[in-house]
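Trainee: Sharing target20.txt below, compact mmCIF, C-alpha atoms:
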# COMPACT_ATOMS: atom_id res chain seq x y z
CA MET L 1155 -24.84 8.01 24.09
CA LEU L 1156 -23.20 6.04 21.30
CA THR L 1157 -25.50 6.14 18.30
CA LYS L 1158 -26.23 3.45 15.75
CA ARG L 1159 -24.63 4.33 12.45
CA ILE L 1160 -26.36 4.59 9.08
CA ILE L 1161 -23.81 3.97 6.35
CA ALA L 1162 -24.33 4.75 2.69
CA CYS L 1163 -22.57 2.37 0.33
CA LEU L 1164 -21.50 3.22 -3.18
CA ASP L 1165 -20.80 0.19 -5.37
CA MET L 1166 -18.48 1.39 -8.11
CA ASP L 1167 -17.79 -0.06 -11.53
CA GLY L 1168 -15.38 1.70 -13.89
CA GLY L 1169 -15.55 4.96 -11.94
CA ARG L 1170 -19.37 5.08 -11.79
CA VAL L 1171 -21.72 4.15 -8.95
CA VAL L 1172 -23.92 1.18 -9.85
CA LYS L 1173 -26.44 -1.00 -8.08
CA GLY L 1174 -27.54 -4.55 -8.79
CA VAL L 1175 -29.77 -7.19 -7.30
CA ARG L 1176 -28.09 -10.18 -5.67
CA PHE L 1177 -24.77 -8.93 -7.11
CA LYS L 1178 -26.20 -8.88 -10.70
CA ASN L 1179 -28.12 -6.60 -13.15
CA LEU L 1180 -26.11 -3.43 -12.57
CA ARG L 1181 -27.71 0.01 -13.08
CA ASP L 1182 -25.92 3.37 -13.21
CA ALA L 1183 -26.46 5.56 -10.15
CA GLY L 1184 -24.01 8.45 -10.62
CA ASP L 1185 -20.62 9.94 -9.82
CA PRO L 1186 -19.02 8.67 -6.58
CA ALA L 1187 -17.89 12.08 -5.28
CA GLU L 1188 -21.32 13.63 -5.92
CA CYS L 1189 -23.17 10.65 -4.42
CA ALA L 1190 -20.94 10.65 -1.33
CA ALA L 1191 -21.35 14.38 -0.74
CA ALA L 1192 -25.12 14.17 -1.18
CA HIS L 1193 -25.37 11.28 1.28
CA ALA L 1194 -23.19 13.07 3.84
CA ARG L 1195 -25.36 16.20 3.54
CA SER L 1196 -28.52 14.22 4.07
CA GLY L 1197 -27.17 12.62 7.25
CA ALA L 1198 -25.09 9.54 6.39
CA ASP L 1199 -22.77 8.73 9.30
CA GLU L 1200 -20.22 7.14 7.03
CA ILE L 1201 -19.54 6.46 3.38
CA VAL L 1202 -18.30 3.17 1.95
CA LEU L 1203 -16.99 2.97 -1.61
CA LEU L 1204 -16.65 -0.55 -3.00
CA ASP L 1205 -14.99 -1.17 -6.34
CA ILE L 1206 -17.02 -4.25 -7.25
CA THR L 1207 -15.12 -5.15 -10.41
CA ALA L 1208 -11.68 -4.25 -9.13
CA THR L 1209 -8.83 -5.50 -11.26
CA SER L 1210 -5.27 -4.31 -11.45
CA GLY L 1211 -6.20 -2.62 -14.74
CA ASN L 1212 -8.61 -0.13 -13.26
CA ARG L 1213 -6.64 0.53 -10.07
CA ASN L 1214 -5.96 4.11 -11.15
CA THR L 1215 -9.66 4.66 -11.76
CA LEU L 1216 -10.33 3.60 -8.18
CA LEU L 1217 -7.58 5.78 -6.72
CA GLU L 1218 -8.83 8.78 -8.70
CA ALA L 1219 -12.39 8.17 -7.46
CA VAL L 1220 -11.11 7.86 -3.88
CA ARG L 1221 -9.19 11.10 -4.22
CA SER L 1222 -12.11 13.09 -5.62
CA THR L 1223 -14.57 11.57 -3.13
CA ALA L 1224 -12.33 12.16 -0.11
CA HIS L 1225 -11.52 15.74 -1.08
CA SER L 1226 -14.42 17.42 0.68
CA LEU L 1227 -15.86 14.55 2.71
CA PHE L 1228 -15.55 14.97 6.47
CA VAL L 1229 -17.22 11.82 7.74
CA PRO L 1230 -15.46 8.44 7.91
CA PHE L 1231 -14.72 7.06 4.46
CA THR L 1232 -14.07 3.37 3.80
CA VAL L 1233 -12.79 1.96 0.52
CA GLY L 1234 -12.79 -1.66 -0.62
CA GLY L 1235 -12.29 -3.74 -3.71
CA GLY L 1236 -9.14 -5.29 -5.10
CA ILE L 1237 -6.98 -4.67 -2.04
CA ARG L 1238 -4.70 -7.71 -2.02
CA GLN L 1239 -1.59 -6.55 -0.23
CA LEU L 1240 -0.22 -3.91 2.10
CA ASP L 1241 0.89 -1.68 -0.78
CA ASP L 1242 -2.63 -1.64 -2.26
CA ALA L 1243 -3.99 -0.53 1.11
CA ALA L 1244 -1.28 2.11 1.48
CA ALA L 1245 -2.18 3.59 -1.93
CA VAL L 1246 -5.86 3.77 -1.00
CA PHE L 1247 -5.06 5.45 2.35
CA ASP L 1248 -2.75 7.83 0.55
CA ALA L 1249 -5.61 8.75 -1.81
CA GLY L 1250 -7.74 9.75 1.19
CA ALA L 1251 -9.51 6.71 2.65
CA ASP L 1252 -9.83 6.48 6.44
CA LYS L 1253 -10.46 2.74 6.45
CA ILE L 1254 -10.00 -0.03 3.93
CA ALA L 1255 -12.25 -3.04 3.52
CA ILE L 1256 -10.70 -6.36 2.58
CA ASN L 1257 -12.63 -9.50 1.72
CA SER L 1258 -11.18 -12.27 -0.47
CA ALA L 1259 -7.56 -11.34 0.23
CA ALA L 1260 -8.14 -11.64 3.98
CA VAL L 1261 -9.69 -15.09 3.59
CA HIS L 1262 -6.71 -16.24 1.52
CA ASP L 1263 -4.16 -14.61 3.81
CA PRO L 1264 -5.51 -13.68 7.25
CA ALA L 1265 -2.06 -12.29 8.19
CA LEU L 1266 -2.78 -9.40 5.80
CA ILE L 1267 -5.24 -8.05 8.38
CA GLY L 1268 -2.49 -7.74 10.98
CA LYS L 1269 -0.04 -6.29 8.48
CA ILE L 1270 -2.36 -3.43 7.55
CA ALA L 1271 -3.51 -2.93 11.16
CA GLY L 1272 0.11 -2.86 12.32
CA ARG L 1273 0.87 0.07 10.06
CA PHE L 1274 -2.41 2.00 9.97
CA GLY L 1275 -4.15 0.88 13.16
CA SER L 1276 -6.98 -1.62 13.67
CA GLN L 1277 -9.54 1.20 13.40
CA ALA L 1278 -8.57 1.46 9.73
CA VAL L 1279 -9.18 -2.20 8.85
CA VAL L 1280 -12.66 -3.44 8.01
CA VAL L 1281 -13.01 -7.10 7.13
CA ALA L 1282 -15.90 -7.58 4.73
CA ILE L 1283 -17.64 -10.94 4.81
CA ASP L 1284 -20.15 -12.08 2.20
CA ALA L 1285 -22.23 -14.93 3.60
CA ARG L 1286 -25.08 -17.13 2.47
CA ASN L 1287 -27.50 -19.14 4.58
CA THR L 1288 -26.93 -22.84 3.99
CA GLY L 1289 -29.82 -23.99 6.14
CA SER L 1290 -27.49 -25.22 8.85
CA GLY L 1291 -25.33 -22.12 9.14
CA PHE L 1292 -23.75 -19.30 7.15
CA GLU L 1293 -21.05 -19.93 4.58
CA VAL L 1294 -18.42 -17.39 3.52
CA TYR L 1295 -18.15 -16.58 -0.20
CA VAL L 1296 -15.28 -14.74 -1.89
CA SER L 1297 -14.52 -13.16 -5.27
CA GLY L 1298 -17.61 -10.95 -5.30
CA GLY L 1299 -19.86 -13.72 -4.07
CA ARG L 1300 -18.92 -16.17 -6.80
CA VAL L 1301 -16.77 -18.66 -4.90
CA PRO L 1302 -17.91 -20.62 -1.83
CA THR L 1303 -15.16 -21.26 0.73
CA GLY L 1304 -16.71 -23.87 3.00
CA ARG L 1305 -15.91 -21.55 5.92
CA ASP L 1306 -18.37 -20.65 8.66
CA ALA L 1307 -19.07 -16.90 8.77
CA VAL L 1308 -19.16 -16.66 12.59
CA GLU L 1309 -15.84 -18.47 12.97
CA TRP L 1310 -14.23 -16.39 10.26
CA ALA L 1311 -15.44 -13.17 11.88
CA GLN L 1312 -13.89 -14.27 15.17
CA GLU L 1313 -10.61 -15.12 13.49
CA ALA L 1314 -10.58 -11.79 11.63
CA ALA L 1315 -11.14 -9.93 14.90
CA ALA L 1316 -8.33 -11.88 16.55
CA CYS L 1317 -6.04 -10.97 13.63
CA GLY L 1318 -6.61 -7.26 14.24
CA ALA L 1319 -9.71 -6.27 12.28
CA GLY L 1320 -11.38 -3.14 13.63
CA GLU L 1321 -14.87 -3.79 12.26
CA ILE L 1322 -16.80 -6.47 10.38
CA LEU L 1323 -18.87 -5.51 7.36
CA LEU L 1324 -21.28 -8.41 7.05
CA THR L 1325 -23.29 -8.82 3.86
CA SER L 1326 -26.09 -11.31 3.45
CA MET L 1327 -25.86 -12.42 -0.16
CA ASP L 1328 -29.37 -13.83 0.09
CA ARG L 1329 -30.74 -10.37 0.85
CA ASP L 1330 -28.39 -8.12 -1.15
CA GLY L 1331 -30.35 -5.65 -3.27
CA THR L 1332 -33.70 -7.30 -2.53
CA GLN L 1333 -34.96 -4.65 -0.07
CA SER L 1334 -36.62 -7.51 1.82
CA GLY L 1335 -34.97 -6.80 5.17
CA PHE L 1336 -31.59 -7.57 6.75
CA ASP L 1337 -30.74 -11.14 7.74
CA CYS L 1338 -31.04 -10.52 11.48
CA GLU L 1339 -30.17 -14.12 12.33
CA LEU L 1340 -26.82 -13.85 10.55
CA VAL L 1341 -26.07 -10.41 11.98
CA ARG L 1342 -26.90 -11.40 15.51
CA ALA L 1343 -24.84 -14.60 15.33
CA VAL L 1344 -21.77 -12.59 14.35
CA ALA L 1345 -22.45 -9.53 16.55
CA GLU L 1346 -22.70 -11.73 19.64
CA ALA L 1347 -19.53 -13.63 18.75
CA VAL L 1348 -17.14 -10.67 18.38
CA SER L 1349 -16.38 -7.57 20.45
CA ILE L 1350 -15.63 -5.34 17.46
CA PRO L 1351 -18.48 -3.45 15.74
CA VAL L 1352 -20.56 -5.26 13.15
CA ILE L 1353 -22.01 -3.41 10.16
CA ALA L 1354 -25.07 -5.17 8.77
CA SER L 1355 -25.49 -5.11 5.01
CA GLY L 1356 -27.83 -6.57 2.43
CA GLY L 1357 -31.60 -6.23 2.30
CA ALA L 1358 -32.36 -2.72 3.61
CA GLY L 1359 -35.76 -1.70 2.28
CA SER L 1360 -37.60 0.23 4.97
CA ALA L 1361 -37.16 1.97 8.30
CA ARG L 1362 -38.62 -1.13 9.97
CA ASP L 1363 -35.76 -3.22 8.56
CA PHE L 1364 -33.24 -0.91 10.23
CA ILE L 1365 -35.10 -1.00 13.54
CA GLU L 1366 -35.09 -4.81 13.44
CA VAL L 1367 -31.41 -5.16 12.62
CA PHE L 1368 -30.46 -2.80 15.45
CA ARG L 1369 -32.80 -4.46 17.97
CA GLU L 1370 -32.94 -8.12 17.01
CA GLY L 1371 -29.72 -8.23 14.98
CA ARG L 1372 -27.68 -6.30 17.59
CA ALA L 1373 -25.92 -4.50 14.74
CA ASP L 1374 -23.72 -1.50 15.57
CA ALA L 1375 -24.25 0.00 12.16
CA ALA L 1376 -26.33 -0.71 9.09
CA LEU L 1377 -25.35 -0.15 5.51
CA ALA L 1378 -27.53 0.37 2.50
CA ALA L 1379 -27.11 1.37 -1.11
CA SER L 1380 -30.18 0.80 -3.27
CA ILE L 1381 -32.70 2.68 -1.22
CA PHE L 1382 -30.51 5.76 -0.90
CA HIS L 1383 -29.29 6.04 -4.51
CA PHE L 1384 -32.65 6.15 -6.18
CA GLY L 1385 -34.19 8.52 -3.67
CA LEU L 1386 -36.52 5.88 -2.32
CA GLU L 1387 -35.56 6.87 1.19
CA ASN L 1388 -34.01 10.04 2.50
CA ILE L 1389 -31.40 9.34 5.17
CA GLY L 1390 -32.63 12.25 7.29
CA GLU L 1391 -36.21 10.98 7.25
CA LEU L 1392 -35.00 7.49 8.02
CA LYS L 1393 -33.03 8.79 11.00
CA ILE L 1394 -36.01 10.68 12.36
CA GLU L 1395 -38.14 7.56 12.11
CA LEU L 1396 -35.51 5.43 13.86
CA SER L 1397 -34.98 8.08 16.48
CA ASN L 1398 -38.73 8.19 17.19
CA ALA L 1399 -38.63 4.41 17.59
CA GLY L 1400 -36.01 4.81 20.33
CA ILE L 1401 -32.90 3.90 18.32
CA PRO L 1402 -30.08 6.34 19.22
CA MET L 1403 -29.22 8.34 16.11
CA ARG L 1404 -26.91 11.20 15.22
CA TRP L 1405 -29.72 13.58 14.42
CA PRO L 1406 -29.82 16.46 13.79
CA CYS L 1407 -26.29 16.41 12.50
CA MET M 539 1.92 28.10 9.96
CA ILE M 540 0.41 25.07 11.68
CA ALA M 541 2.75 22.10 12.00
CA ILE M 542 1.19 18.63 11.90
CA VAL M 543 3.36 16.15 13.76
CA ASN M 544 4.31 13.07 11.76
CA TYR M 545 5.86 10.48 14.03
CA GLY M 546 5.73 7.67 11.50
CA ALA M 547 2.50 5.93 12.50
CA GLY M 548 -0.93 6.00 10.95
CA ASN M 549 -2.51 8.12 8.29
CA LEU M 550 -2.32 11.92 8.51
CA ASN M 551 -4.17 12.64 5.28
CA SER M 552 -7.56 13.31 6.81
CA VAL M 553 -6.22 15.82 9.31
CA LYS M 554 -4.19 17.56 6.62
CA LYS M 555 -7.19 17.63 4.29
CA ALA M 556 -9.44 19.23 6.90
CA PHE M 557 -6.97 22.06 7.56
CA ASP M 558 -6.48 22.51 3.80
CA TYR M 559 -10.24 22.82 3.45
CA LEU M 560 -10.26 25.52 6.12
CA GLY M 561 -7.58 27.41 4.23
CA ALA M 562 -4.93 27.06 6.93
CA GLU M 563 -1.26 27.10 6.08
CA ILE M 564 0.05 23.73 7.22
CA MET M 565 3.18 21.65 7.16
CA VAL M 566 3.35 17.95 7.93
CA THR M 567 6.69 17.38 9.59
CA ASP M 568 8.91 14.94 11.43
CA GLN M 569 11.51 17.65 12.16
CA PRO M 570 11.72 19.01 15.72
CA GLU M 571 12.99 22.41 14.50
CA ILE M 572 9.84 22.91 12.39
CA LEU M 573 7.79 22.59 15.58
CA GLY M 574 9.88 25.39 17.02
CA ALA M 575 9.16 27.59 14.00
CA ALA M 576 5.42 26.85 13.83
CA ASP M 577 2.72 29.15 15.21
CA LYS M 578 0.60 26.20 16.27
CA ILE M 579 1.02 22.46 16.45
CA VAL M 580 -1.41 19.62 15.81
CA PHE M 581 -0.44 16.22 17.11
CA PRO M 582 -2.72 13.56 15.61
CA GLY M 583 -2.20 10.08 16.90
CA VAL M 584 -3.52 6.73 15.91
CA GLY M 585 -2.88 3.15 16.88
CA HIS M 586 -1.12 1.73 19.88
CA PHE M 587 0.31 3.83 22.74
CA SER M 588 3.63 2.03 22.23
CA SER M 589 4.00 3.77 18.82
CA LEU M 590 4.70 6.94 20.82
CA HIS M 591 8.18 5.62 21.58
CA ALA M 592 9.09 7.29 18.27
CA LEU M 593 8.58 10.68 19.96
CA ASP M 594 11.67 10.03 22.05
CA SER M 595 13.89 8.62 19.33
CA THR M 596 13.10 11.47 16.91
CA GLY M 597 13.30 14.30 19.43
CA MET M 598 9.71 15.27 18.58
CA GLY M 599 8.49 14.63 22.13
CA LYS M 600 11.01 17.07 23.58
CA ALA M 601 10.18 19.66 20.91
CA LEU M 602 6.47 19.31 21.70
CA LEU M 603 7.07 19.82 25.43
CA GLN M 604 9.24 22.81 24.75
CA ALA M 605 6.64 24.35 22.43
CA ALA M 606 4.00 23.71 25.09
CA SER M 607 6.03 25.62 27.67
CA THR M 608 6.35 28.65 25.38
CA GLY M 609 2.59 29.09 25.19
CA LYS M 610 2.19 27.91 21.59
CA PRO M 611 -1.27 26.41 20.96
CA ILE M 612 -1.04 22.62 20.71
CA LEU M 613 -3.90 20.30 19.79
CA GLY M 614 -3.58 16.58 20.49
CA ILE M 615 -6.03 14.35 18.64
CA CYS M 616 -6.98 10.81 19.74
CA LEU M 617 -3.70 9.14 20.79
CA GLY M 618 -2.20 12.64 20.65
CA MET M 619 -4.60 13.69 23.40
CA GLN M 620 -3.86 10.58 25.44
CA TRP M 621 -0.17 11.46 25.32
CA LEU M 622 -0.97 14.71 27.17
CA PHE M 623 -1.89 12.58 30.22
CA GLU M 624 0.56 10.67 32.43
CA GLY M 625 0.42 7.44 30.48
CA SER M 626 -1.77 4.56 29.42
CA GLU M 627 -2.49 1.04 30.60
CA GLU M 628 -2.03 0.11 26.96
CA CYS M 629 1.74 0.43 27.39
CA ASP M 630 3.17 1.06 30.83
CA GLU M 631 6.75 1.51 29.57
CA ILE M 632 5.93 4.72 27.69
CA ALA M 633 5.36 7.86 29.74
CA GLY M 634 2.95 10.54 28.60
CA ALA M 635 3.64 14.27 28.81
CA GLY M 636 1.91 14.48 32.19
CA ILE M 637 0.35 17.85 31.39
CA PHE M 638 -2.96 16.44 32.63
CA PRO M 639 -3.17 14.02 35.57
CA GLY M 640 -4.14 10.37 35.41
CA LYS M 641 -3.68 7.41 33.13
CA CYS M 642 -5.70 6.21 30.17
CA ARG M 643 -7.59 3.00 30.80
CA GLN M 644 -9.63 0.36 29.01
CA PHE M 645 -13.42 0.51 28.93
CA PRO M 646 -15.35 -1.59 31.44
CA SER M 647 -16.35 -5.06 30.23
CA SER M 648 -20.02 -4.01 30.21
CA VAL M 649 -19.50 -2.38 26.80
CA LYS M 650 -17.95 -3.54 23.54
CA SER M 651 -14.44 -2.32 22.86
CA PRO M 652 -13.30 -0.47 20.80
CA HIS M 653 -15.72 2.44 21.11
CA VAL M 654 -16.49 3.21 17.48
CA GLY M 655 -19.02 5.67 16.14
CA TRP M 656 -20.75 8.96 16.80
CA ASN M 657 -21.27 9.89 20.42
CA SER M 658 -22.40 13.11 22.08
CA LEU M 659 -20.44 15.73 23.98
CA SER M 660 -21.52 16.95 27.39
CA LEU M 661 -19.89 20.38 27.36
CA HIS M 662 -18.44 22.22 30.32
CA PRO M 663 -18.54 26.02 30.02
CA GLY M 664 -15.55 28.16 29.16
CA SER M 665 -13.75 26.13 26.50
CA ARG M 666 -11.99 28.18 23.84
CA LEU M 667 -11.61 25.22 21.49
CA LEU M 668 -15.30 24.29 21.70
CA ARG M 669 -16.60 27.85 21.42
CA GLY M 670 -19.95 27.93 19.61
CA ILE M 671 -20.40 24.15 19.67
CA ALA M 672 -23.92 23.14 20.73
CA GLN M 673 -24.50 21.03 23.83
CA ASP M 674 -24.87 17.31 22.95
CA SER M 675 -23.24 17.72 19.54
CA PHE M 676 -22.14 14.44 17.97
CA VAL M 677 -18.54 13.65 17.13
CA TYR M 678 -16.81 10.57 15.72
CA TYR M 679 -14.78 8.33 18.03
CA THR M 680 -12.67 5.26 17.42
CA HIS M 681 -10.51 4.11 20.35
CA SER M 682 -9.99 1.34 22.90
CA PHE M 683 -8.49 3.38 25.74
CA HIS M 684 -9.82 6.57 27.30
CA ALA M 685 -8.63 9.35 29.55
CA PRO M 686 -10.23 10.01 32.95
CA LEU M 687 -12.32 13.05 33.74
CA VAL M 688 -10.08 15.77 35.19
CA ALA M 689 -10.56 19.34 36.38
CA GLU M 690 -9.54 20.55 32.89
CA THR M 691 -12.08 18.36 31.04
CA THR M 692 -14.13 20.59 28.74
CA ALA M 693 -16.37 17.88 27.28
CA ALA M 694 -17.30 14.49 28.66
CA THR M 695 -18.68 11.53 26.75
CA GLU M 696 -20.48 8.50 28.15
CA TYR M 697 -19.55 4.99 27.06
CA GLY M 698 -19.62 2.45 29.85
CA ARG M 699 -18.48 5.34 32.02
CA GLN M 700 -17.85 9.06 31.63
CA PHE M 701 -14.50 9.88 30.08
CA THR M 702 -12.70 12.94 28.73
CA GLY M 703 -13.78 13.81 25.19
CA ALA M 704 -12.00 17.17 25.22
CA VAL M 705 -9.56 18.78 27.61
CA GLU M 706 -7.76 22.13 27.74
CA ARG M 707 -5.59 24.28 29.91
CA GLY M 708 -4.12 27.52 28.63
CA ASN M 709 -2.52 26.80 25.28
CA ILE M 710 -2.84 23.00 25.51
CA PHE M 711 -5.85 21.32 23.94
CA GLY M 712 -6.79 17.69 23.44
CA VAL M 713 -9.69 15.84 21.84
CA GLN M 714 -10.20 12.09 22.00
CA PHE M 715 -12.60 12.17 19.04
CA HIS M 716 -11.66 12.88 15.43
CA PRO M 717 -12.69 16.44 14.52
CA GLU M 718 -11.45 15.84 10.97
CA LYS M 719 -14.11 13.11 10.64
CA SER M 720 -16.89 14.76 12.62
CA GLY M 721 -18.68 16.65 9.87
CA ASP M 722 -19.52 20.33 10.35
CA VAL M 723 -19.12 20.12 14.14
CA GLY M 724 -15.55 18.88 13.74
CA LEU M 725 -14.67 21.50 11.15
CA SER M 726 -15.98 24.24 13.49
CA ILE M 727 -13.69 22.95 16.25
CA LEU M 728 -10.65 22.94 13.94
CA LYS M 729 -11.60 26.43 12.75
CA ASN M 730 -11.66 27.58 16.37
CA PHE M 731 -8.15 26.18 16.78
CA CYS M 732 -6.97 28.00 13.64
CA GLU M 733 -8.41 31.27 15.00
CA LEU M 734 -6.88 31.07 18.48
Can you give me the file's structure in the form of structure tokens?
Mentor:
Amino acid sequence: MLTKRIIACLDMDGGRVVKGVRFKNLRDAGDPAECAAAHARSGADEIVLLDITATSGNRNTLLEAVRSTAHSLFVPFTVGGGIRQLDDAAAVFDAGADKIAINSAAVHDPALIGKIAGRFGSQAVVVAIDARNTGSGFEVYVSGGRVPTGRDAVEWAQEAAACGAGEILLTSMDRDGTQSGFDCELVRAVAEAVSIPVIASGGAGSARDFIEVFREGRADAALAASIFHFGLENIGELKIELSNAGIPMRWPC
Amino acid sequence: MIAIVNYGAGNLNSVKKAFDYLGAEIMVTDQPEILGAADKIVFPGVGHFSSLHALDSTGMGKALLQAASTGKPILGICLGMQWLFEGSEECDEIAGAGIFPGKCRQFPSSVKSPHVGWNSLSLHPGSRLLRGIAQDSFVYYTHSFHAPLVAETTAATEYGRQFTGAVERGNIFGVQFHPEKSGDVGLSILKNFCEL
């Protein structure tokens, strides 16, 4: 049976893993390669590394982190942050990523999705969407959550899928880092609108939150950072709890 | 030496890295003569079935078939496994190797496609490639088309229907999942291949 995936996310700034609340107040949480290996050992189904302050200046820092993280990691490894064109993606794949995540660049140029998918396959292209509840719907934000686009998140997810995206990584900006639960309404709206897998992100705080986002949110995978970095939750224990609740899990792994 | 077939599509790094980790001597190649010189061949595939047209234009397809007939161990991964069958609905113009019968098909509309994530293997006894792998072990899949169950299927996986997760006959092996991305289970499978 296909299991629901638990994905550990490493937000990276200047070569170090950090974690903030609602995209702000960053705290140091360690070395990316060490964090990734530890998460994989404790049962993470996938690792995502996001360079949250990616600029062309620290591109080499990112590629070095990707290389060292990928070296002995044998679960799927996604890298995002600052990928603006096909060449950027190619460099990240060359450094050892299995998938790339693109966000702002895809909104500005949806054809980029197809370009990368055409060369590396759709399975290698994750479109990341940061969305905020407006009361009447969900609006897409770009540039690390700083710039509203006026675009509807569900429509954008559908367009991204049509352009060749292999998965959607959907972050609720309202919930990011709050540990107050995933935005199941947002996740479900997108998951029911596209046939590609949807990874729910933003708000993971307890096992119950994961159960809800898989049941009510219809998520295919759920991503979390805060709770895993600071040892507040062990991925193995989380998987046992979800498994006992009837959610199909890769456990033991 | 294990040759890893590069036919110009996708990303071979992960496969290469896994064999490096296992200490195998490998060579990534797009040269048919290297396949002839290799002890074993790995044929990883990714993307659309139509990308396999490059096998014809480069002579790699012929070299693979020839190596297969000499008894050299060959492991097809993902699209590389699908190529071992007769063809795929994904691209009717391209013929597969026809080593295993049947065509690859899409999943039924009752399930989302692509099939992405960790799914379990229902093992059939006697596989050399899957020696020592526990029943119901999880492996990582990402694909839109799947091969039918055949007499040579060594592991089946359920997603909308049962399909071939692993297949083997003599020196020819195929896995639809990605052993290079399947944690310790995947590494054990690749180690088995190295030790054949």
Trainee: Residues of chain M no more than 9 Å from chain L, counting only C-alpha atoms: send them over as number ranges by chain.
Mentor: M: 547-552, 555-556, 559, 584-586, 649-659, 675-678, 680-681, 695-697, 717-725
Trainee: One number please: CA of Asp1205 in chain L to CA of Ser1297 in chain L, in Å, one decimal.
Mentor: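 Value for the CA of Asp1205 in chain L-CA of Ser1297 in chain L distance: 12.0 Å.
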Trainee: Which polymer residues have any atom within 9 Å of an atom of Ser665 in chain M, counting only C-alpha atoms, with same-chain residues fewer than 4 positions away left out, as a ChimeraX atom specification?
Mentor: /M:661,669,692-693,705-706
Trainee: Hey, can you pull every residue with an atom no more than 8 Å from (1.1, 21.3, 14.6), using only C-alpha atoms, and send it as an MDAnalysis selection string?
Mentor: chainID M and resid 540:543 564:566 573 576 578:581 612:613
Trainee: Given all atoms listed in the file as the basis, pick out the residue of M:Ile727, M:Ala694, M:Val553, M:Leu593 nearest to Asp568 in chain M.
Mentor: M:Leu593
Trainee: Need to verify the contact set: Thr608 in chain M, 12 Å, all atoms listed in the file, exclusion of same-chain residues closer than 2 positions in sequence. Can you return it as a ChimeraX atom specification?
Mentor: /M:573-578,601-606,610-612,708-710
Trainee: Taking (-1.0, 15.3, 30.7) in the file's coordinates, which residues come within 9 Å, counting only C-alpha atoms, written as a PDB file with C-alpha atoms, in the frame of the given file?
Mentor:
ATOM      1  CA  MET M 619      -4.600  13.690  23.400  1.00  0.00           C
ATOM      2  CA  GLN M 620      -3.860  10.580  25.440  1.00  0.00           C
ATOM      3  CA  TRP M 621      -0.170  11.460  25.320  1.00  0.00           C
ATOM      4  CA  LEU M 622      -0.970  14.710  27.170  1.00  0.00           C
ATOM      5  CA  PHE M 623      -1.890  12.580  30.220  1.00  0.00           C
ATOM      6  CA  GLU M 624       0.560  10.670  32.430  1.00  0.00           C
ATOM      7  CA  GLY M 625       0.420   7.440  30.480  1.00  0.00           C
ATOM      8  CA  GLY M 634       2.950  10.540  28.600  1.00  0.00           C
ATOM      9  CA  ALA M 635       3.640  14.270  28.810  1.00  0.00           C
ATOM     10  CA  GLY M 636       1.910  14.480  32.190  1.00  0.00           C
ATOM     11  CA  ILE M 637       0.350  17.850  31.390  1.00  0.00           C
ATOM     12  CA  PHE M 638      -2.960  16.440  32.630  1.00  0.00           C
ATOM     13  CA  PRO M 639      -3.170  14.020  35.570  1.00  0.00           C
ATOM     14  CA  GLY M 640      -4.140  10.370  35.410  1.00  0.00           C
ATOM     15  CA  LYS M 641      -3.680   7.410  33.130  1.00  0.00           C
TER      16      LYS M 641
END
Trainee: So the first atom is CA of Ala1192 in chain L and the second is CA of Asp1284 in chain L; what is the distance between them in Å, to one decimal place?
Mentor: 26.9 Å
Trainee: At what distance in Å, to one decimal, does CA of Pro1186 in chain L lie from CA of Gly1318 in chain L?
Mentor: 29.0 Å
Trainee: Between L:Leu1216, L:Ala1243, L:Ile1201, L:Ile1353, which one has atoms that come closest to Gly1169 in chain L, using all atoms listed in the file?
Mentor: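 Answer, going by the shortest atom-to-atom distance: L:Leu1216.
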Trainee: Could you check which of L:Leu1323, L:Ile1161, L:Ala1307, L:Ile1206 is closest to Ala1255 in chain L, using all atoms listed in the file?
Mentor: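 Closest to Ala1255 in chain L, using all atoms listed in the file: L:Leu1323.
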Trainee: With all atoms listed in the file as the counted atoms, please give the residues lying no more than 12 Å from Asp594 in chain M, apart from itself and same-chain residues fewer than 3 positions off, as a VMD selection string.
Mentor: chain M and resid 545 570 588 to 591 597 to 603 632 to 635
Trainee: Quick one: residues within 10 Å of Glu1188 in chain L, all atoms listed in the file counted, chain neighbours fewer than 4 positions away excluded, as a PyMOL selection string?
Mentor: chain L and resi 1171+1184+1192-1194+1222-1223
Trainee: Determine the nearest neighbour of Met1327 in chain L from the options L:Asp1306, L:Glu1293, L:Glu1313, L:Asp1242, counting only C-alpha atoms.
Mentor: L:Glu1293
Trainee: In terms of the shortest atom-to-atom distance over all atoms listed in the file, which of L:Ile1365, L:Asp1330, L:Gly1289, L:Ser1360 is closest to Phe1382 in chain L?
Mentor: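 The shortest atom-to-atom distance to Phe1382 in chain L comes from L:Ser1360.
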